[in-house]
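Novice: Supplied in structure tokens, the structure appears directly below.
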Amino acid sequence: MRKLVIFLTLLSAVIFWLTKPAEVQTVEMDLKVEYNAPAVIVEPVEPRFNVSLSEDLQELVYSECTERGVDPYLAVAVMLQENRGFDPSIVSGTSDYGLFQINKINHKRMADLGYTDMLDAEDNIKAGVYILAECLASSDSYHEALMAYNMGRTGCNRAMAKGIYSTSYSRGVMAFYDGLKAGESY
């Protein structure tokens, strides 16, 4: 019974510290352990991604992705492909806005969902993850979903009808995805 109490205490501490912000540097715990059990050291949580995006926005990406069933590494990879500098104020010559480069054609639909300002980083992330989730739900692969994200579902379907199952865009996103998963910095 005593071992179970110790285990549950340690498990609670680990869960608590894994959900704390990354700026926590050390963890000090005073435990009296009998039976010569080994001490457990809980390290601070590092940022989820090695990118120049604030921790608050990284947390938002993670939260939105978790809510919508999207791999957060894929979402960050899309942002890297779309907006390498993570500048929320970027507007492209083709009317793409913000971190996820949400095209103007989607703005009304996103506003109807409550995401009204595509130059606001938080609204843009919520809209970008929403659109990515839609693309993933209607696709059989990451490449297909990324093609739909980039060229719209109609453009993706036309490309696939011609036997094109990946594009330089989808391959670029997947290269960032692999790099993020490997811990590379961007």
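Going by the structure tokens order, chains are called A, B, ..., each with residues numbered from 1, while ligands are numbered from 1 in the order shown.
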Tell me which protein, DNA and RNA residues are within 12 Å of Ser168 of chain A, counting only C-alpha atoms, leaving out same-chain ones fewer than 4 positions away, and put them as an MDAnalysis selection string.
Specialist: chainID A and resid 81 143 146:147 150:151 164 172:175
Novice: Measure the distance from atom CA of Leu132 of chain A to atom CA of Asn103 of chain A in Å and round it to one decimal.
Specialist: 12.9 Å
Novice: Have a look at atom CA of Leu119 of chain A and atom CA of Ala137 of chain A and let me know their distance in Å, one decimal.
Specialist: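 Calculated distance between atom CA of Leu119 of chain A and atom CA of Ala137 of chain A is 25.8 Å.
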Novice: Excluding Ser92 of chain A and its own-chain neighbours fewer than 4 positions away, which residues fall within 12 Å of it when counting only C-alpha atoms? Please give them as a list of chain:residue names.
Specialist: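 Everything that qualifies: A:Glu82, A:Asn83, A:Asp87, A:Pro88, A:Asp96, A:Tyr97, A:Gly98, A:Leu99, A:Phe100, A:Gln101, A:Ile102, A:Asn103, A:Lys104, A:Leu119.
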Novice: May I have the selected residues written with C-alpha atoms, as an mmCIF file, in the first residue's frame?
Specialist:
data_model
loop_
_atom_site.group_PDB
_atom_site.id
_atom_site.type_symbol
_atom_site.label_atom_id
_atom_site.label_comp_id
_atom_site.auth_asym_id
_atom_site.auth_seq_id
_atom_site.Cartn_x
_atom_site.Cartn_y
_atom_site.Cartn_z
ATOM 1 C CA GLU A 82 3.781 28.960 -45.124
ATOM 2 C CA ASN A 83 5.524 31.538 -42.939
ATOM 3 C CA ASP A 87 5.274 36.658 -38.637
ATOM 4 C CA PRO A 88 1.527 36.969 -37.926
ATOM 5 C CA ASP A 96 -2.969 34.781 -47.810
ATOM 6 C CA TYR A 97 -2.843 36.027 -44.220
ATOM 7 C CA GLY A 98 -0.818 35.332 -41.095
ATOM 8 C CA LEU A 99 0.978 32.340 -39.642
ATOM 9 C CA PHE A 100 -1.003 29.711 -41.567
ATOM 10 C CA GLN A 101 -1.392 31.972 -44.622
ATOM 11 C CA ILE A 102 -5.191 31.639 -44.610
ATOM 12 C CA ASN A 103 -6.463 32.647 -48.048
ATOM 13 C CA LYS A 104 -9.041 35.436 -48.193
ATOM 14 C CA LEU A 119 -3.722 38.822 -38.717
#
Novice: Which residue gives the smallest distance to Ala77 of chain A among A:Arg171, A:Arg158, A:Lys126, A:Lys108, with only C-alpha atoms counted?
Specialist: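 That would be A:Arg171, the residue with the smallest distance to Ala77 of chain A.
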Novice: Got a sec: who's within 12 Å of Val61 of chain A, counting only C-alpha atoms, leaving out chain neighbours fewer than 5 positions off, as a count of residues only?
Specialist: 33
Novice: Using DSSP on the backbone coordinates, identify all residues within segment 53-121 of chain A classified as helix (DSSP H, G or I); present the result as a VMD selection string.
Specialist: chain A and resid 55 to 68 72 to 82 104 to 112 121
Novice: May I have the residues from that selection written out with N, CA and C atoms, as a short mmCIF file (atom, residue, chain, number, x, y, z; two decimals), in the first residue's frame?
Specialist:
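Below you can see again.cif, which holds the result:
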data_model
loop_
_atom_site.label_atom_id
_atom_site.label_comp_id
_atom_site.auth_asym_id
_atom_site.auth_seq_id
_atom_site.Cartn_x
_atom_site.Cartn_y
_atom_site.Cartn_z
N GLU A 55 6.11 30.50 -26.56
CA GLU A 55 5.59 29.34 -25.84
C GLU A 55 4.08 29.39 -25.74
N ASP A 56 3.51 30.59 -25.55
CA ASP A 56 2.05 30.72 -25.47
C ASP A 56 1.40 30.25 -26.78
N LEU A 57 1.97 30.64 -27.90
CA LEU A 57 1.40 30.23 -29.18
C LEU A 57 1.66 28.75 -29.45
N GLN A 58 2.81 28.24 -29.01
CA GLN A 58 3.05 26.80 -29.13
C GLN A 58 2.00 26.02 -28.33
N GLU A 59 1.69 26.51 -27.13
CA GLU A 59 0.66 25.86 -26.30
C GLU A 59 -0.69 25.92 -27.00
N LEU A 60 -1.00 27.05 -27.63
CA LEU A 60 -2.27 27.17 -28.36
C LEU A 60 -2.33 26.18 -29.52
N VAL A 61 -1.23 26.06 -30.26
CA VAL A 61 -1.18 25.09 -31.36
C VAL A 61 -1.45 23.69 -30.81
N TYR A 62 -0.76 23.34 -29.75
CA TYR A 62 -0.91 22.01 -29.16
C TYR A 62 -2.35 21.78 -28.70
N SER A 63 -2.93 22.77 -28.04
CA SER A 63 -4.30 22.67 -27.54
C SER A 63 -5.31 22.51 -28.68
N GLU A 64 -5.19 23.36 -29.69
CA GLU A 64 -6.10 23.28 -30.84
C GLU A 64 -5.96 21.96 -31.58
N CYS A 65 -4.73 21.52 -31.74
CA CYS A 65 -4.49 20.25 -32.43
C CYS A 65 -5.07 19.08 -31.64
N THR A 66 -4.88 19.10 -30.34
CA THR A 66 -5.42 18.05 -29.49
C THR A 66 -6.94 18.02 -29.61
N GLU A 67 -7.56 19.19 -29.57
CA GLU A 67 -9.02 19.29 -29.66
C GLU A 67 -9.53 18.78 -31.01
N ARG A 68 -8.79 19.02 -32.07
CA ARG A 68 -9.27 18.69 -33.42
C ARG A 68 -8.68 17.41 -34.00
N PRO A 72 0.22 17.86 -33.89
CA PRO A 72 0.76 19.22 -33.74
C PRO A 72 2.05 19.45 -34.52
N TYR A 73 2.84 18.40 -34.72
CA TYR A 73 4.06 18.55 -35.53
C TYR A 73 3.69 18.90 -36.97
N LEU A 74 2.60 18.33 -37.47
CA LEU A 74 2.17 18.64 -38.83
C LEU A 74 1.71 20.10 -38.91
N ALA A 75 0.97 20.56 -37.91
CA ALA A 75 0.50 21.95 -37.91
C ALA A 75 1.68 22.93 -37.90
N VAL A 76 2.67 22.67 -37.06
CA VAL A 76 3.83 23.56 -37.02
C VAL A 76 4.61 23.48 -38.34
N ALA A 77 4.68 22.29 -38.92
CA ALA A 77 5.36 22.14 -40.21
C ALA A 77 4.66 22.95 -41.30
N VAL A 78 3.32 22.98 -41.27
CA VAL A 78 2.58 23.80 -42.24
C VAL A 78 2.92 25.27 -42.02
N MET A 79 2.95 25.71 -40.77
CA MET A 79 3.30 27.11 -40.50
C MET A 79 4.71 27.42 -41.00
N LEU A 80 5.64 26.49 -40.80
CA LEU A 80 7.01 26.71 -41.29
C LEU A 80 7.03 26.86 -42.81
N GLN A 81 6.29 26.01 -43.49
CA GLN A 81 6.25 26.07 -44.95
C GLN A 81 5.59 27.37 -45.42
N GLU A 82 4.55 27.78 -44.73
CA GLU A 82 3.78 28.96 -45.12
C GLU A 82 4.44 30.27 -44.71
N LYS A 104 -7.88 34.56 -48.38
CA LYS A 104 -9.04 35.44 -48.19
C LYS A 104 -10.36 34.72 -48.49
N ILE A 105 -10.34 33.75 -49.38
CA ILE A 105 -11.56 33.01 -49.72
C ILE A 105 -12.15 32.30 -48.50
N ASN A 106 -11.31 32.03 -47.49
CA ASN A 106 -11.76 31.33 -46.28
C ASN A 106 -12.15 32.27 -45.14
N HIS A 107 -11.91 33.55 -45.27
CA HIS A 107 -12.09 34.47 -44.14
C HIS A 107 -13.53 34.53 -43.64
N LYS A 108 -14.52 34.63 -44.52
CA LYS A 108 -15.91 34.70 -44.08
C LYS A 108 -16.30 33.44 -43.33
N ARG A 109 -15.94 32.30 -43.88
CA ARG A 109 -16.27 31.02 -43.24
C ARG A 109 -15.62 30.93 -41.86
N MET A 110 -14.37 31.39 -41.74
CA MET A 110 -13.68 31.37 -40.45
C MET A 110 -14.31 32.38 -39.49
N ALA A 111 -14.72 33.54 -40.01
CA ALA A 111 -15.38 34.54 -39.16
C ALA A 111 -16.69 33.99 -38.60
N ASP A 112 -17.40 33.21 -39.41
CA ASP A 112 -18.65 32.59 -38.94
C ASP A 112 -18.40 31.62 -37.78
N ALA A 121 -2.60 36.38 -34.28
CA ALA A 121 -1.94 35.07 -34.24
C ALA A 121 -2.86 33.99 -33.70
#
